[in-house]
Amino acid sequence: MSGPATSRTDATAARSGRTETTAVDADALRRRVADLLAAHDPATTDRIDFLRARFDAGLAWIHFPEGLGGLGAPRALQPVVDQALEAAGAPDNAPRRIGIGLGMAAPTLLRHGTDAQRRRFLRPLWTGEEVWCQLFSEPGAGSDLAALATRATRDCDGDGAGWIVDGQKVWTSQAHLARWGILLARTDPDLPKHRGITYFVCDMTDPGVDVRPLRQITGEAEFNEVFLTGVRIPDAHRLGEVGEGWQVARTTLMNERVAIGGARVPRESGMIGLVADTWRRRPELRTHDLHQRLLRLWVDAEAARLTAERLGRQLALGHPGPEGSGMKLAFARLNQEISGLEVELLAEEGLGYDDWTLTRPELVDFTGRDAGYRYLRAKGNSIEGGTSEVLLNIIAERVLGLPPEPRTDKDAAWKDLPR
């Protein structure tokens with residue numbers, strides 16, 4: 001592959017997920033794209049083979065280190081690569097189906113994983129060959145995730161270098177498709193709840209992993225509950241130090257909220273575009289009251305879109321912070337209000353729903369379904385990825401600097417907490 005030298009990454013920077021970069025400009029990236037296309041014509045190259053070649057050329061996520069799908073280049077230049085490849089008709093890596101891997105597992109692996117873990121997991125994660133899910137929430141530990149009870153104990157029957165996990169997880173999107181799961185488990189019940197947790201990568205095909213569908217208000221089983229019974233996890237699949245899983249999980253959660261609410265999208269995309277299109281095409285549905293509400297929501301959606309653009313520029317400078325919680329909060333509110341407006345706009349027509357059959361979809365599709373589906377599915381937006389109530393606390397404490405709420409259980413041993 002031709003082109004100038006692009007980055008130098010020392011061991012300390014690689015472990016933290018930061019790279020030390022030299023000059024990589026838009027012209028250099030376009031040359032790299034041209035070299036990739038010359039060697040792997042999208043018209044004749046198998047889709048997965050092309051994606052693997054793109055990863056190996058450092059054009060997957062250019063801000064990642066060399067050898068891990070990137071060039072150590074500024075994140076802000078990623079659109080240069082994406083637009084050039086799209087213009088050439090090159091395949092993409094279906095980000096919606098592998099969104100948990102791309103938006104949550106990958107940045108966590110980059111920041112906290114070992115070199116061996118990054119080399120093993122990042123390439124098939126990015127190409128979509130391996131789907132990931134998130135094994136965090138539990139029946140008794142949803143909004144208060146640190147109260148989780150799933151246990152991981154040392155595998156004393158083996159060589160002592162592994163763990164045995166027992167417990168239950170819930171609301172696990174795409175667990176029925178996933179090869180790997182990012183897992184939080186309690187390894188020391190004598191410590192306070194935030195300090196006795198360890199972070200693992202769980203093979204979803206291993207014995208003892210039982211995935212069961214959870215039927216939702218839409219009729220689908222997009223979510224799952226996962227029972228873990230005597231699941232053996234090698235210590236090589238641990239991320240971070242033993243007992244420091246909460247710090248690793250914070251990386252995941254901050255990236256999750258940006259992935260859900262901070263996507264950079266064109267004007268009038270998503271639900272607001274659907275409702276605006278109906279308004280323009282069907283004047284017989286219009287009323288003054290609905291017009292005023294549509295205008296307000298259109299402005300709110302555009303403000304959120306532009307804020308996401310600004311957030312994207314901030315992300316180019318480092319890891320996501322609490323600002324992503326604000327974007328996710330706005331995303332949930334807007335989706336619920338816009339879907340409610342759409343149902344009212346369509347009147348009786350908006351009350352219909354196309355199919356209550358139990359299905360297990362590969363991804364959530366808000367745009368390809370009817371208004372009734374969007375109205376029902378949007379109810380989950382204020383729960384998934386952190387409830388709106390929890391996000392309000394994060395914004396109050398970490399953005400506005402307000403005093404935290406009193407927490408009497410913060411320093412008590414987990415085993416002594418009421419459950």
# chains A, B, ... in the order shown; residues from 1 in each chain; ligands from 1
>>> closest_atom_pairs(of="segment 235-332 of chain A", to="segment 390-412 of chain A", cutoff="7 Å", atoms="only C-alpha atoms", output="Markdown table")
| residue | atom | partner | partner_atom | distance |
| --- | --- | --- | --- | --- |
| A:Pro322 | CA | A:Arg398 | CA | 6.5 |
| A:Ser325 | CA | A:Leu391 | CA | 5.6 |
| A:Gly326 | CA | A:Ile395 | CA | 6.7 |
| A:Leu329 | CA | A:Leu391 | CA | 6.7 |
>>> write_last_selection(atoms="C-alpha atoms", output="compact mmCIF listing (two decimals), in the first residue's frame")
# COMPACT_ATOMS: atom_id res chain seq x y z
CA PRO A 322 -21.22 13.05 30.11
CA SER A 325 -26.04 11.45 28.22
CA GLY A 326 -27.71 14.71 27.21
CA LEU A 329 -31.94 11.96 26.75
>>> residues_around(residues="Leu71 of chain A", least_positions_apart="2", cutoff="8 Å", atoms="only C-alpha atoms", output="mmCIF file with C-alpha atoms, in the first residue's frame")
data_model
loop_
_atom_site.group_PDB
_atom_site.id
_atom_site.type_symbol
_atom_site.label_atom_id
_atom_site.label_comp_id
_atom_site.auth_asym_id
_atom_site.auth_seq_id
_atom_site.Cartn_x
_atom_site.Cartn_y
_atom_site.Cartn_z
ATOM 1 C CA THR A 6 1.010 7.867 8.969
ATOM 2 C CA SER A 7 1.453 7.270 12.690
ATOM 3 C CA GLY A 58 -6.255 1.308 8.034
ATOM 4 C CA LEU A 59 -9.437 2.726 6.518
ATOM 5 C CA ILE A 62 -8.904 5.907 10.868
ATOM 6 C CA HIS A 63 -8.431 7.228 14.424
ATOM 7 C CA PHE A 64 -7.584 3.721 15.706
ATOM 8 C CA PRO A 65 -3.899 2.689 15.793
ATOM 9 C CA GLU A 66 -2.141 1.129 12.832
ATOM 10 C CA GLY A 67 -2.697 -2.602 12.640
ATOM 11 C CA GLY A 69 -8.056 -0.856 11.365
ATOM 12 C CA ALA A 73 -5.326 9.909 12.100
#
>>> residues_around(residues="segment 218-230 of chain A", least_positions_apart="5", cutoff="9 Å", atoms="only C-alpha atoms", output="MDAnalysis selection string")
chainID A and resid 135 138 150 164:176 207:213 353 355:364 372:373 376:377
>>> write_last_selection(atoms="N, CA and C atoms", output="compact mmCIF listing (two decimals), in the first residue's frame")
# COMPACT_ATOMS: atom_id res chain seq x y z
N LEU A 135 -24.08 -7.83 28.16
CA LEU A 135 -24.58 -8.58 29.31
C LEU A 135 -24.35 -7.75 30.57
N GLU A 138 -29.66 -6.68 34.89
CA GLU A 138 -30.20 -7.90 35.52
C GLU A 138 -31.58 -7.60 36.07
N THR A 150 -24.77 -11.27 39.38
CA THR A 150 -24.11 -12.34 38.64
C THR A 150 -22.70 -12.51 39.20
N ILE A 164 -15.64 -19.09 36.64
CA ILE A 164 -16.94 -19.74 36.45
C ILE A 164 -18.01 -18.71 36.78
N VAL A 165 -18.92 -18.51 35.85
CA VAL A 165 -19.92 -17.44 35.97
C VAL A 165 -21.31 -18.05 36.10
N ASP A 166 -22.07 -17.53 37.08
CA ASP A 166 -23.46 -17.94 37.28
C ASP A 166 -24.30 -16.68 37.51
N GLY A 167 -25.45 -16.62 36.84
CA GLY A 167 -26.33 -15.48 37.04
C GLY A 167 -27.32 -15.34 35.90
N GLN A 168 -28.00 -14.20 35.88
CA GLN A 168 -29.01 -13.93 34.86
C GLN A 168 -28.88 -12.48 34.39
N LYS A 169 -28.96 -12.28 33.08
CA LYS A 169 -28.97 -10.96 32.48
C LYS A 169 -30.29 -10.77 31.73
N VAL A 170 -30.66 -9.52 31.52
CA VAL A 170 -31.97 -9.24 30.92
C VAL A 170 -31.87 -8.03 29.99
N TRP A 171 -32.88 -7.92 29.08
CA TRP A 171 -32.94 -6.84 28.08
C TRP A 171 -31.70 -6.87 27.17
N THR A 172 -31.27 -8.07 26.81
CA THR A 172 -30.04 -8.21 26.04
C THR A 172 -30.34 -8.21 24.55
N SER A 173 -30.15 -7.07 23.91
CA SER A 173 -30.39 -6.95 22.48
C SER A 173 -29.42 -7.83 21.70
N GLN A 174 -29.95 -8.54 20.70
CA GLN A 174 -29.18 -9.32 19.75
C GLN A 174 -28.40 -10.47 20.38
N ALA A 175 -28.77 -10.87 21.59
CA ALA A 175 -28.11 -12.04 22.18
C ALA A 175 -28.36 -13.29 21.35
N HIS A 176 -29.48 -13.34 20.64
CA HIS A 176 -29.80 -14.51 19.81
C HIS A 176 -28.97 -14.56 18.54
N PRO A 207 -21.01 -23.74 26.54
CA PRO A 207 -22.00 -24.45 27.37
C PRO A 207 -22.38 -23.61 28.59
N GLY A 208 -23.66 -23.67 28.95
CA GLY A 208 -24.15 -22.92 30.10
C GLY A 208 -24.74 -21.58 29.77
N VAL A 209 -24.62 -21.13 28.50
CA VAL A 209 -25.23 -19.85 28.07
C VAL A 209 -26.57 -20.17 27.43
N ASP A 210 -27.65 -19.73 28.06
CA ASP A 210 -29.02 -20.02 27.60
C ASP A 210 -29.72 -18.70 27.27
N VAL A 211 -30.01 -18.48 25.98
CA VAL A 211 -30.64 -17.24 25.51
C VAL A 211 -32.12 -17.51 25.27
N ARG A 212 -32.99 -16.73 25.90
CA ARG A 212 -34.43 -16.91 25.77
C ARG A 212 -35.08 -15.58 25.33
N PRO A 213 -36.05 -15.65 24.42
CA PRO A 213 -36.66 -14.41 23.91
C PRO A 213 -37.53 -13.73 24.96
N TYR A 353 -51.80 -1.45 13.47
CA TYR A 353 -50.50 -2.07 13.66
C TYR A 353 -50.45 -3.32 12.81
N ASP A 355 -48.49 -6.22 12.45
CA ASP A 355 -48.19 -7.63 12.71
C ASP A 355 -47.78 -7.83 14.16
N TRP A 356 -48.53 -8.71 14.86
CA TRP A 356 -48.20 -9.04 16.25
C TRP A 356 -47.47 -10.37 16.36
N THR A 357 -47.06 -10.93 15.24
CA THR A 357 -46.39 -12.22 15.26
C THR A 357 -45.07 -12.13 16.02
N LEU A 358 -44.80 -13.15 16.82
CA LEU A 358 -43.53 -13.20 17.54
C LEU A 358 -42.39 -13.42 16.54
N THR A 359 -41.53 -12.44 16.41
CA THR A 359 -40.36 -12.55 15.54
C THR A 359 -39.13 -12.15 16.35
N ARG A 360 -37.96 -12.50 15.84
CA ARG A 360 -36.70 -12.15 16.50
C ARG A 360 -35.84 -11.39 15.49
N PRO A 361 -36.09 -10.10 15.34
CA PRO A 361 -35.44 -9.33 14.27
C PRO A 361 -33.94 -9.17 14.50
N GLU A 362 -33.24 -8.92 13.40
CA GLU A 362 -31.81 -8.68 13.47
C GLU A 362 -31.50 -7.24 13.88
N LEU A 363 -32.42 -6.32 13.62
CA LEU A 363 -32.17 -4.92 13.94
C LEU A 363 -33.50 -4.20 14.12
N VAL A 364 -33.43 -3.01 14.71
CA VAL A 364 -34.60 -2.17 14.92
C VAL A 364 -34.78 -1.28 13.69
N GLY A 372 -48.01 2.87 14.11
CA GLY A 372 -48.31 2.16 15.35
C GLY A 372 -47.08 1.50 15.93
N TYR A 373 -46.26 0.90 15.06
CA TYR A 373 -45.02 0.29 15.54
C TYR A 373 -44.09 1.34 16.12
N LEU A 376 -45.20 2.47 19.61
CA LEU A 376 -44.97 1.48 20.66
C LEU A 376 -43.47 1.30 20.94
N ARG A 377 -42.68 1.18 19.88
CA ARG A 377 -41.25 0.90 20.07
C ARG A 377 -40.53 2.08 20.72
>>> select_by_dssp(residues="segment 207-275 of chain A", states="strand (DSSP E)", output="PyMOL selection string")
chain A and resi 209-214+223-234+238-239
>>> closest_residue(among="A:Asn381, A:Thr153, A:Thr205, A:Asn335", to="Leu274 of chain A", atoms="only C-alpha atoms")
A:Asn335
>>> atom_distance(atom1="atom CA of Arg111 of chain A", atom2="atom CA of Arg123 of chain A")
15.7 Å
>>> select_by_dssp(residues="segment 229-260 of chain A", states="alpha helix (DSSP H)", output="ChimeraX atom specification")
/A:245-260
>>> atom_distance(atom1="atom CA of Asn255 of chain A", atom2="atom CA of Leu109 of chain A")
11.9 Å
>>> closest_residue(among="A:Val24, A:Leu290, A:Ala34, A:Leu295", to="Ala76 of chain A", atoms="only C-alpha atoms")
A:Val24
>>> closest_residue(among="A:Ala303, A:Leu346, A:Glu244, A:Trp298", to="Arg286 of chain A", atoms="only C-alpha atoms")
A:Leu346
>>> atom_distance(atom1="atom CA of Phe331 of chain A", atom2="atom CA of Arg97 of chain A")
19.5 Å
>>> closest_residue(among="A:Ala276, A:Val265, A:Ile197, A:Leu341", to="Leu145 of chain A", atoms="only C-alpha atoms")
A:Ile197
>>> residues_around(residues="Leu297 of chain A", least_positions_apart="6", cutoff="12 Å", atoms="only C-alpha atoms", output="list of chain:residue names")
A:Glu268, A:Met271, A:Ile272, A:Gly273, A:Val275, A:Ala276, A:Leu290, A:His291, A:Ala303, A:Ala304, A:Ala330, A:Phe331, A:Arg333, A:Leu334, A:Asn335, A:Gln336, A:Glu337, A:Ile338, A:Ser339, A:Gly340, A:Leu341, A:Glu342
>>> closest_residue(among="A:Leu36, A:Val131, A:Ala185, A:Ala146", to="Ala90 of chain A", atoms="only C-alpha atoms")
A:Leu36
>>> decode(residues="segment 51-71 of chain A", atoms="C-alpha atoms", output="short mmCIF file (atom, residue, chain, number, x, y, z; two decimals), in the first residue's frame")
data_model
loop_
_atom_site.label_atom_id
_atom_site.label_comp_id
_atom_site.auth_asym_id
_atom_site.auth_seq_id
_atom_site.Cartn_x
_atom_site.Cartn_y
_atom_site.Cartn_z
CA LEU A 51 -14.18 -5.16 4.29
CA ARG A 52 -11.21 -7.17 5.56
CA ALA A 53 -8.95 -5.42 3.05
CA ARG A 54 -10.32 -2.02 4.09
CA PHE A 55 -9.61 -2.84 7.73
CA ASP A 56 -6.08 -3.98 6.94
CA ALA A 57 -5.48 -0.78 4.94
CA GLY A 58 -6.26 1.31 8.03
CA LEU A 59 -9.44 2.73 6.52
CA ALA A 60 -12.00 1.17 8.85
CA TRP A 61 -11.86 3.70 11.71
CA ILE A 62 -8.90 5.91 10.87
CA HIS A 63 -8.43 7.23 14.42
CA PHE A 64 -7.58 3.72 15.71
CA PRO A 65 -3.90 2.69 15.79
CA GLU A 66 -2.14 1.13 12.83
CA GLY A 67 -2.70 -2.60 12.64
CA LEU A 68 -6.11 -2.27 14.30
CA GLY A 69 -8.06 -0.86 11.37
CA GLY A 70 -6.76 2.68 11.63
CA LEU A 71 -3.92 5.07 10.92
#
